[in-house]
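Asks: Input: one structure, supplied below.
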Amino acid sequence: MDTMLRPIFGVLTVPDLKIKKPTWVQIPSSWTIFVFILLTYFMVTGGIIYDVIVEPPSVGSTTDEHGHTRPVAFMPYRVNGQYIMEGLASSFMFSLGGAGLIILDQTHNPSTPKFNRMMLQFVGFAAMVISFGCCWVFMRMKLPGYMQS
């Protein structure tokens with residue numbers, strides 16, 4: 001490859017450009033990057049790509065034994081399909097669990113007072129437990145009878 005490109009770049013010369021970075025371009029803050037990554041995570045786990053391609057309804061409906069229609073937030077028995085609200089609820093719970101992990105990571109700072117450290121541990125652990133419990137319930141609503149002995 002090098003022998004093929006050497007004659008071409010022997011004839012061509014790289015221009016001597018003096019390009020400066022504009023003064024208004026700045027490195028974004030760490031919080032800006034964090035928010036961008038968190039929103040991207042929220043949208044991807046919520047199925048935004050699926051929602052754009054398939055265009056599902058926001059909620060579904062089912063008919064009960066009396067003939068009345070009731071709204072349904074979870075599309076039962078379809079692992080590869082979802083309503084928009086189902087994706088948003090699941091995505092929120094995934095993000096809540098991730099936020100719990102981030103909060104638990106903040107407890108390792110040695111300058112944090114003991115009471116604040118205990119509160120951070122409680123809040124972080126509670127966020128993870130709530131997230132896990134809700135995702136477990138969502139899965140049971142999605143696939144009734146799944147993993148039951």
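Convention: chains lettered A, B, ... in structure tokens order; per-chain residue numbering from 1; ligands numbered from 1 as shown.
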Give me, as a PyMOL selection string, all polymer residues having an atom no more than 8 Å from segment 80-91 of chain A, counting only C-alpha atoms and skipping those fewer than 6 positions away in the same chain.
Replies: chain A and resi 42-43+45-47+51+56-60+73-74+135+138
Asks: Please return as a PyMOL selection string: the residues of segment 84-145 of chain A that backbone DSSP assigns to alpha helix (DSSP H).
Replies: chain A and resi 84-105+114-142
Asks: With distances taken over only C-alpha atoms, which of A:Pro110, A:Pro144, A:Gly10, A:Gly100 is nearest to Ile130 of chain A?
Replies: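 Smallest separation from Ile130 of chain A among the options: A:Gly100.
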Asks: Between atom CA of Asn116 of chain A and atom CA of Ile37 of chain A, what is the spacing in Å?
Replies: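 That distance, rounded to one decimal, is 26.5 Å.
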Asks: Please report the interatomic distance between atom CA of Ile103 of chain A and atom CA of Val44 of chain A in Å with one decimal.
Replies: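 Pair atom CA of Ile103 of chain A / atom CA of Val44 of chain A returns 21.9 Å.
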Asks: Mind pulling up the distance from atom CA of Thr32 of chain A to atom CA of Asn109 of chain A?
Replies: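 Taking atom CA of Asn109 of chain A as the start and atom CA of Thr32 of chain A as the end point, the length is 22.0 Å.
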Asks: Which residues come within 8 Å of Ser95 of chain A, counting only C-alpha atoms, excluding same-chain residues fewer than 3 positions away, as a PyMOL selection string?
Replies: chain A and resi 38+41-42+91-92+98-99
Asks: With all heavy atoms retained, export the selected residues as a compact mmCIF listing (two decimals), in the first residue's frame.
Replies:
```
# COMPACT_ATOMS: atom_id res chain seq x y z
N LEU A 38 -26.86 10.50 29.58
CA LEU A 38 -28.05 9.98 30.26
C LEU A 38 -29.28 10.06 29.37
O LEU A 38 -30.07 9.10 29.31
CB LEU A 38 -28.28 10.73 31.57
CG LEU A 38 -29.40 10.19 32.46
CD1 LEU A 38 -29.05 8.79 32.94
CD2 LEU A 38 -29.64 11.11 33.63
N TYR A 41 -28.96 7.41 26.72
CA TYR A 41 -29.25 6.10 27.31
C TYR A 41 -30.76 5.92 27.50
O TYR A 41 -31.31 4.87 27.21
CB TYR A 41 -28.52 5.99 28.65
CG TYR A 41 -28.80 4.72 29.42
CD1 TYR A 41 -28.25 3.51 29.02
CD2 TYR A 41 -29.62 4.74 30.54
CE1 TYR A 41 -28.50 2.36 29.72
CE2 TYR A 41 -29.87 3.59 31.25
CZ TYR A 41 -29.32 2.39 30.83
OH TYR A 41 -29.57 1.25 31.52
N PHE A 42 -31.43 6.98 27.97
CA PHE A 42 -32.87 6.92 28.18
C PHE A 42 -33.60 6.66 26.87
O PHE A 42 -34.50 5.82 26.80
CB PHE A 42 -33.35 8.24 28.82
CG PHE A 42 -34.82 8.27 29.11
CD1 PHE A 42 -35.32 7.73 30.28
CD2 PHE A 42 -35.71 8.84 28.22
CE1 PHE A 42 -36.67 7.76 30.56
CE2 PHE A 42 -37.06 8.88 28.48
CZ PHE A 42 -37.53 8.33 29.66
N SER A 91 -37.70 2.48 30.36
CA SER A 91 -36.49 3.29 30.25
C SER A 91 -36.27 4.13 31.51
O SER A 91 -35.13 4.28 31.97
CB SER A 91 -36.60 4.20 29.03
OG SER A 91 -35.45 4.98 28.89
N PHE A 92 -37.35 4.65 32.08
CA PHE A 92 -37.21 5.40 33.32
C PHE A 92 -36.69 4.52 34.44
O PHE A 92 -35.83 4.93 35.23
CB PHE A 92 -38.55 6.04 33.72
CG PHE A 92 -38.49 6.75 35.02
CD1 PHE A 92 -37.87 7.98 35.12
CD2 PHE A 92 -39.04 6.20 36.17
CE1 PHE A 92 -37.79 8.65 36.33
CE2 PHE A 92 -38.97 6.86 37.38
CZ PHE A 92 -38.34 8.09 37.46
N GLY A 98 -29.60 2.94 37.14
CA GLY A 98 -28.27 3.49 36.85
C GLY A 98 -27.94 4.67 37.73
O GLY A 98 -26.79 4.81 38.19
N ALA A 99 -28.93 5.51 38.00
CA ALA A 99 -28.71 6.65 38.91
C ALA A 99 -28.41 6.14 40.32
O ALA A 99 -27.59 6.74 41.04
CB ALA A 99 -29.92 7.57 38.90
```
